[in-house]
Every structure is written in C-alpha cells, then in structure tokens.
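Report on one structure; see the data block that follows.
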Amino acid sequence: MAKEKKQVEQITARDVDFAQWYTDVVKKAELIDYSGVKGMFILRPYAYALWENIQKVLDGMFKKLGHENVSMPLLIPESLLQKEKDHVEGFAPEVAWVTHGGNEPLPERLCIRPTSETLFCEHWGHVVHSWRDLPKLYNQWCSVLRWEKTTRPFLRHREFLWQEGHTLHATAEEAVAETERMLEVYADCCENYLAMPVIRGVKTEKEKFAGAEKTYTIECMMHDKKALQSGTSHYFGDGFARAFDITFSDKNNRQQYPHQTSWGFSTRTIGGIIMTHGDDSGLVLPPRIAPVQVIIIPIAQHKPGVAEAAEALRARLLQADIRVKLDLSEQSPGWKFAEYEMKGVPLRLEIGPKDLEQGQCVLVRRDDGQKTAISLDGLEETVSSLLDQIQQSMFDRAKENVDENTFIAHTVKEVREIIETKGGFVKTMWCGDLACELRMKEEAGVSSRCIPFAQEHLGDICPCCGKPAQKMVYWGVAY
RNA sequence: CGGGGUGUGGCGAAGCUUGGUAUCGCGCUUGGUUCGGGACCAAGAGGCCCCGGGUUCGAAUCCCGGCACUCCGACCA
C-alpha cells in the first residue's frame, strides 16, 4: 500500500527548507527545549532516552574491549591546559573560564573542560611508572563546554554530552592500532545501530585535532547531501607524554614516553540520525535505538474488549523484550498516528473491533508507510522480524543516498560545478599540499572530509596544482 | 563576528504604518457525544505585549540601547 500523503502541517517540508525542517522536527518531536543561555539546550526525555540507547550500545562495546569508565574534574587550571602548545592554541578561542570562588577572585583561573586530555595526562603522570601499568584504557561519559558562536540543536551546542575515550600505550604501534580499532567501533555503531553508512578515513593536517599526530574520522552524508563528522579518533604519539612528563620504565629498565590516543562520540550524532532518516512527517528512528519500537494504538478503545486486547498485546511484546508503548489517552486515533510518526516510532500496531473479530491486528511501518493486517499468532516473531527489516532498509536507503551523490572530479572547476548543481561528496586525487586544500575551499567551496582508507586511483595528478598526486580525498560541504 | 528576519496567554499569529478597552486559531480545564489518518458540542481558565531607558495626558504601537531565537556567511575537530 502506498504511503499516504502528508498529514502534518506544522512542519516545513524537508525539500523546501531543510534547515527549517530540522528545527521544526527537533521541537515538534519533543527532543529539545531552549534554555536561558545561548547554545545550552535542554534534552527532553525522548532525546535523552535516545542518547541512553546509544550509550548502552557504545558502552557495551568499550567494555568488551577492556575499557574502564572514570570521572575526571570539570575544571582545568590554566597552567595545566597550557602545557601542550598546539592543544591550547586549538582550544583557547572557545573555552569558558571560572574566575571567582564565591566572591573571592581565584589565584589562577580555571577553564571549564572543552575536552579532557590534559586531565588524563595529569592523572597518568601520577599513576604510571612501569610497563606493567600499561596500557591504560579509560573512558568517561560527561559533558564538555566550548563557547561556539553559532549554535544549533544537537549539531553545535556550547555544552554537549559525549564520551571521551583516552588510552595510554607502551608503543606507538599499539596506540595506532587502538586509534584504528576505536574508529571501527564508531563505524559499527553508526552503520549497524544508527543505520548511517560512513566513510572511514584520516583527516588532513589542516583538519586534524589540536595536538594530534593523526586524526581518524567517520563521515556521514545527510539527506541534504552535506557531510557530518560523526566520530573521531586521535593518535597523539608521545607529544602529550613529553609535555606532561609521563614516563615509564620498560622491560629493560629504560625510561620511555608512552603513546596516547583519544576518541569521542557526541549527541551531535542525534542530529545526524534526524537529518539522515527524517521525512516530511517528522523523525524516523532506527529500531535498534528507538526509545519506543512499537506504539500500540487502540481504535474505538471504549468498545468492549479493545483496551483489554491492546493491553494483552503490550504485555506480550514487552515479554519478548520489545520496547513497546500503549497509548490509551483520549486523543483520536488520527491524532495519535500523526503524533508517533512525528516521533519516528518504527512500527505502529492498530487494534480495533474489526481486528478482534478476525483475530488480527494492523501493523504500519514508519519508514515506508506499508500497512499489513497480521494474525495475532506469532505476533512477537512478526514484529521483531519487521523491526529488523526496517533497520536494514533504512540503512540501504541512506547508503543509496551516499552512493548516488558521490562523484569523481579531475579539476577544481568540475568540483565546483558538482557542488553548485548537485551537492554531495566529490572524490579527487590530491598532492598533499595545504595550498591546494585551501584553494579547493576558496574556489569550490568545499573542505576535505577525509583521506579514505578505501583508496582509489582516479588519476596521476592533483587537480589543483598538476603535480603528482599522493592520495584520493573526499571533499564536501560540512555541518 | 558580519548581513537579514522574528520576539504579543503554553504554541502559532493579527494588531504597530496613523498611540486611546489586548484580538483570533490551536492547545489547556470541566461535562457530554465520538474513535480504522490530527473528531464535535457546550461552558471556563489563562497576558510585567522580550528587557531597560526616553517622548507623551496616555506606548504592544513612536525613538534610543540591550538581549534572545532563527536563517545566510565567517569561524570552528
């Protein structure tokens, strides 16, 4: 059955004004409320539930790999932040400072953490002495603060929730392997739970993290064909260790500097889910992380047996570990349909007098609107297999969007034309010079998204300078 | 940080040009009828008109200054 036409008129059509559509969805789906401070957003229960589900997925993956959760302080003394030069320079413009304790000015001002590398380093300086103390595989779930000028719900908060993993290793090889391993964890989470296909790769020198030797990234394409960096993983070498004087005695009793990594994944990705899967009726959530996977809507709920039957179905699905909600409020069925579509609930179950007579119920998929009457026998199996199908087809559709909107170019002019007329990702060769990267930004309006692991040979020369090409790069317009 | 737009019950808006009783729709409350795509009837409640100054007998409305939201750009992992 074909998807019925749009009923919700409160939100702007997605293809008319994507930015406005996004803001409308965020508000109408009850994800976000604005607070009194610019860029500090309130995550309402539905958004927080979504974040908790993502947390569960990632936290489980981290723990399987041996990472331990810790909690570091919120405040960083200025002198501590100053220790690693590149790191300070990168973050200084966007940190907020605490200058008073009560009414007394502090002897040294304290920065509200924009990220916690320096705190982990300080701590490791205290506790790491021997090769037996390594590796340290730590993670913390927390919020950080960056004084951004432009803010948008989920995509750019001044305060945002994230996890930051920090690890310390005896050797460079081990640290690099960890950096790559954690990028793969993020990719797994995005692709298999959030149904967001990713491009895995390395950032250019220009785009890498302040203080890092290498930054790995996963890049996603949104429905409007812009790029969203959805997780990053950094290899620091021993730069921080040297700056913070962290050393250990190796097996030969020689003093060594350990090698370090960090990796982060934030609520920004919720913005990514919205912009990857949402449509004109609102959110569309991947079943694996949807706070409610099945919404049961009774029809004519005061007719004999209906509410009871609905409740029985709820109990059955709950028993089968399906996240289910029954809406017995006095709103009309039509109102409820629209409401849960706005909230992106993957599957709707309708049960009314007609169904009772026939021992069936009606299931409607949020992703494609398909409606089917199914027997109540084996309901649990039908529902869980439908949820799997929805998860898969959401991924497939998103993948199709990436594939259809990824192009190859051989000149700067071609890149510009593609970006102006179609948008999306453009793959080109590149010589590796910053000058050419800057020129691409200047003349084609794109930034480098990453140097993908999956390299292709598209030609021998750099489209900017004509010199021999080193690598293939993805370019795009980013959030 | 630059350019545009917007701020009026919970939400969306009208009113502002031309100063004079704050208006409408949705939502909310109560009661009743409904229920397979945002139901209907009736009766109610709810407002420092973003904030601060100024002009005026009188300001939602005019003037000056802030702030917030929003879009576009710059910046930004």
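Going by the structure tokens order, chains are called A, B, ..., each with residues numbered from 1, while ligands are numbered from 1 in the order shown.
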
- What lies within 7 Å of region 196-199 of chain A using only C-alpha atoms (C1' of nucleotides), ignoring chain neighbours under 3 positions off, as a PyMOL selection string? chain A and resi 187+190-191+218-220+395+398-399+452

Export of prior selection with C-alpha atoms as a compact mmCIF listing (two decimals), in the first residue's frame:
# COMPACT_ATOMS: atom_id res chain seq x y z
CA ALA A 187 31.67 2.87 12.40
CA CYS A 190 26.77 4.15 13.15
CA GLU A 191 26.18 1.56 10.48
CA ILE A 218 33.95 8.68 10.06
CA GLU A 219 31.96 10.95 7.75
CA CYS A 220 28.26 10.61 7.07
CA PHE A 395 20.49 1.64 6.13
CA ALA A 398 20.84 6.01 3.39
CA LYS A 399 23.58 4.10 1.58
CA PRO A 452 39.59 7.41 2.93

- Message: Show me, as number ranges by chain, every residue of chain A with an atom at most 6 Å from chain B, counting only C-alpha atoms (C1' of nucleotides).
- Response: A: 209, 300, 332, 334-335

- Long-range neighbours of Val364 (chain A) as a list of chain:residue names, 7 Å cut-off, only C-alpha atoms (C1' of nucleotides), 5 positions minimum in chain: A:Leu347, A:Arg348, A:Leu349, A:Gly369, A:Gln370, A:Lys371, A:Thr372

- Message: What parts of region 227-308 of chain A does DSSP call strand (DSSP E or B)? I'd like the answer as a PyMOL selection string.
- Response: chain A and resi 227-237+248-249+255-256+259-266+279+282+294-298

Keeping only C-alpha atoms, take the residues you just selected and write them out as a PDB file, in the first residue's frame.
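Output saved as part.pdb:
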ATOM      1  CA  ALA A 227      28.668  15.986   5.470  1.00  0.00           C
ATOM      2  CA  LEU A 228      28.543  15.323   9.182  1.00  0.00           C
ATOM      3  CA  GLN A 229      31.633  14.182  11.049  1.00  0.00           C
ATOM      4  CA  SER A 230      30.164  11.573  13.332  1.00  0.00           C
ATOM      5  CA  GLY A 231      33.075  10.325  15.392  1.00  0.00           C
ATOM      6  CA  THR A 232      36.788  10.915  15.599  1.00  0.00           C
ATOM      7  CA  SER A 233      39.726   9.022  16.948  1.00  0.00           C
ATOM      8  CA  HIS A 234      43.118  10.634  17.535  1.00  0.00           C
ATOM      9  CA  TYR A 235      46.648   9.335  17.742  1.00  0.00           C
ATOM     10  CA  PHE A 236      48.853  11.654  19.785  1.00  0.00           C
ATOM     11  CA  GLY A 237      52.200   9.965  19.578  1.00  0.00           C
ATOM     12  CA  PHE A 248      57.536   4.537  32.476  1.00  0.00           C
ATOM     13  CA  SER A 249      60.312   2.007  32.901  1.00  0.00           C
ATOM     14  CA  GLN A 255      62.706   5.333  30.809  1.00  0.00           C
ATOM     15  CA  GLN A 256      60.216   5.662  27.943  1.00  0.00           C
ATOM     16  CA  HIS A 259      51.924   6.805  23.388  1.00  0.00           C
ATOM     17  CA  GLN A 260      48.443   8.126  23.691  1.00  0.00           C
ATOM     18  CA  THR A 261      45.053   8.178  21.955  1.00  0.00           C
ATOM     19  CA  SER A 262      41.652   9.753  22.455  1.00  0.00           C
ATOM     20  CA  TRP A 263      38.321   9.307  20.731  1.00  0.00           C
ATOM     21  CA  GLY A 264      34.942  10.964  21.043  1.00  0.00           C
ATOM     22  CA  PHE A 265      31.352  10.498  20.064  1.00  0.00           C
ATOM     23  CA  SER A 266      28.660  13.017  20.980  1.00  0.00           C
ATOM     24  CA  ASP A 279      10.985  12.922   6.377  1.00  0.00           C
ATOM     25  CA  GLY A 282       8.964  14.048  11.201  1.00  0.00           C
ATOM     26  CA  VAL A 294       6.219  -0.303  18.715  1.00  0.00           C
ATOM     27  CA  ILE A 295       3.354   2.037  19.545  1.00  0.00           C
ATOM     28  CA  ILE A 296       0.025   0.348  20.112  1.00  0.00           C
ATOM     29  CA  ILE A 297      -2.954   2.479  19.159  1.00  0.00           C
ATOM     30  CA  PRO A 298      -6.371   1.113  20.067  1.00  0.00           C
TER      31      PRO A 298
END

- Within 7 Å of region 48-54 of chain B, counting only C-alpha atoms (C1' of nucleotides), which residues qualify if same-chain residues fewer than 6 places away don't, as a PyMOL selection string? chain B and resi 7-8+60+67

- Item | Separation of CA of Arg268 (chain A) from CA of Glu52 (chain A) in Å | 13.7 Å

- Item | Residues of region 82-216 of chain A in alpha helix (DSSP H), written as a PyMOL selection string | chain A and resi 85-91+117-127+172-192

Generate the output file for the selected residues, C-alpha atoms, as a PDB file, in the first residue's frame.
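Result went into out_28.pdb, see below:
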ATOM      1  CA  LYS A  85      51.160  24.149  22.885  1.00  0.00           C
ATOM      2  CA  ASP A  86      49.145  23.018  19.865  1.00  0.00           C
ATOM      3  CA  HIS A  87      46.332  21.825  22.059  1.00  0.00           C
ATOM      4  CA  VAL A  88      45.944  25.199  23.834  1.00  0.00           C
ATOM      5  CA  GLU A  89      46.118  27.113  20.593  1.00  0.00           C
ATOM      6  CA  GLY A  90      43.362  24.966  19.173  1.00  0.00           C
ATOM      7  CA  PHE A  91      41.022  25.356  22.093  1.00  0.00           C
ATOM      8  CA  GLU A 117      43.293  15.250  27.513  1.00  0.00           C
ATOM      9  CA  THR A 118      45.168  17.428  29.973  1.00  0.00           C
ATOM     10  CA  LEU A 119      43.332  15.976  32.970  1.00  0.00           C
ATOM     11  CA  PHE A 120      44.033  12.412  31.922  1.00  0.00           C
ATOM     12  CA  CYS A 121      47.660  13.311  31.400  1.00  0.00           C
ATOM     13  CA  GLU A 122      47.983  14.884  34.815  1.00  0.00           C
ATOM     14  CA  HIS A 123      46.497  11.763  36.389  1.00  0.00           C
ATOM     15  CA  TRP A 124      48.641   9.356  34.407  1.00  0.00           C
ATOM     16  CA  GLY A 125      51.706  11.296  35.438  1.00  0.00           C
ATOM     17  CA  HIS A 126      50.793  10.270  38.976  1.00  0.00           C
ATOM     18  CA  VAL A 127      49.959   6.613  38.476  1.00  0.00           C
ATOM     19  CA  ALA A 172      53.389   3.692  19.000  1.00  0.00           C
ATOM     20  CA  GLU A 173      52.198   0.626  17.088  1.00  0.00           C
ATOM     21  CA  GLU A 174      49.847  -0.352  19.863  1.00  0.00           C
ATOM     22  CA  ALA A 175      48.459   3.195  20.160  1.00  0.00           C
ATOM     23  CA  VAL A 176      47.885   3.467  16.414  1.00  0.00           C
ATOM     24  CA  ALA A 177      46.131   0.108  16.456  1.00  0.00           C
ATOM     25  CA  GLU A 178      43.911   1.355  19.273  1.00  0.00           C
ATOM     26  CA  THR A 179      43.063   4.520  17.342  1.00  0.00           C
ATOM     27  CA  GLU A 180      42.033   2.462  14.343  1.00  0.00           C
ATOM     28  CA  ARG A 181      40.174  -0.097  16.430  1.00  0.00           C
ATOM     29  CA  MET A 182      38.061   2.578  18.121  1.00  0.00           C
ATOM     30  CA  LEU A 183      37.233   4.222  14.812  1.00  0.00           C
ATOM     31  CA  GLU A 184      35.903   0.854  13.728  1.00  0.00           C
ATOM     32  CA  VAL A 185      33.780   0.685  16.899  1.00  0.00           C
ATOM     33  CA  TYR A 186      32.225   4.027  15.963  1.00  0.00           C
ATOM     34  CA  ALA A 187      31.666   2.873  12.403  1.00  0.00           C
ATOM     35  CA  ASP A 188      29.998  -0.277  13.707  1.00  0.00           C
ATOM     36  CA  CYS A 189      27.708   1.752  15.960  1.00  0.00           C
ATOM     37  CA  CYS A 190      26.770   4.153  13.147  1.00  0.00           C
ATOM     38  CA  GLU A 191      26.183   1.562  10.481  1.00  0.00           C
ATOM     39  CA  ASN A 192      24.650  -1.280  12.440  1.00  0.00           C
TER      40      ASN A 192
END
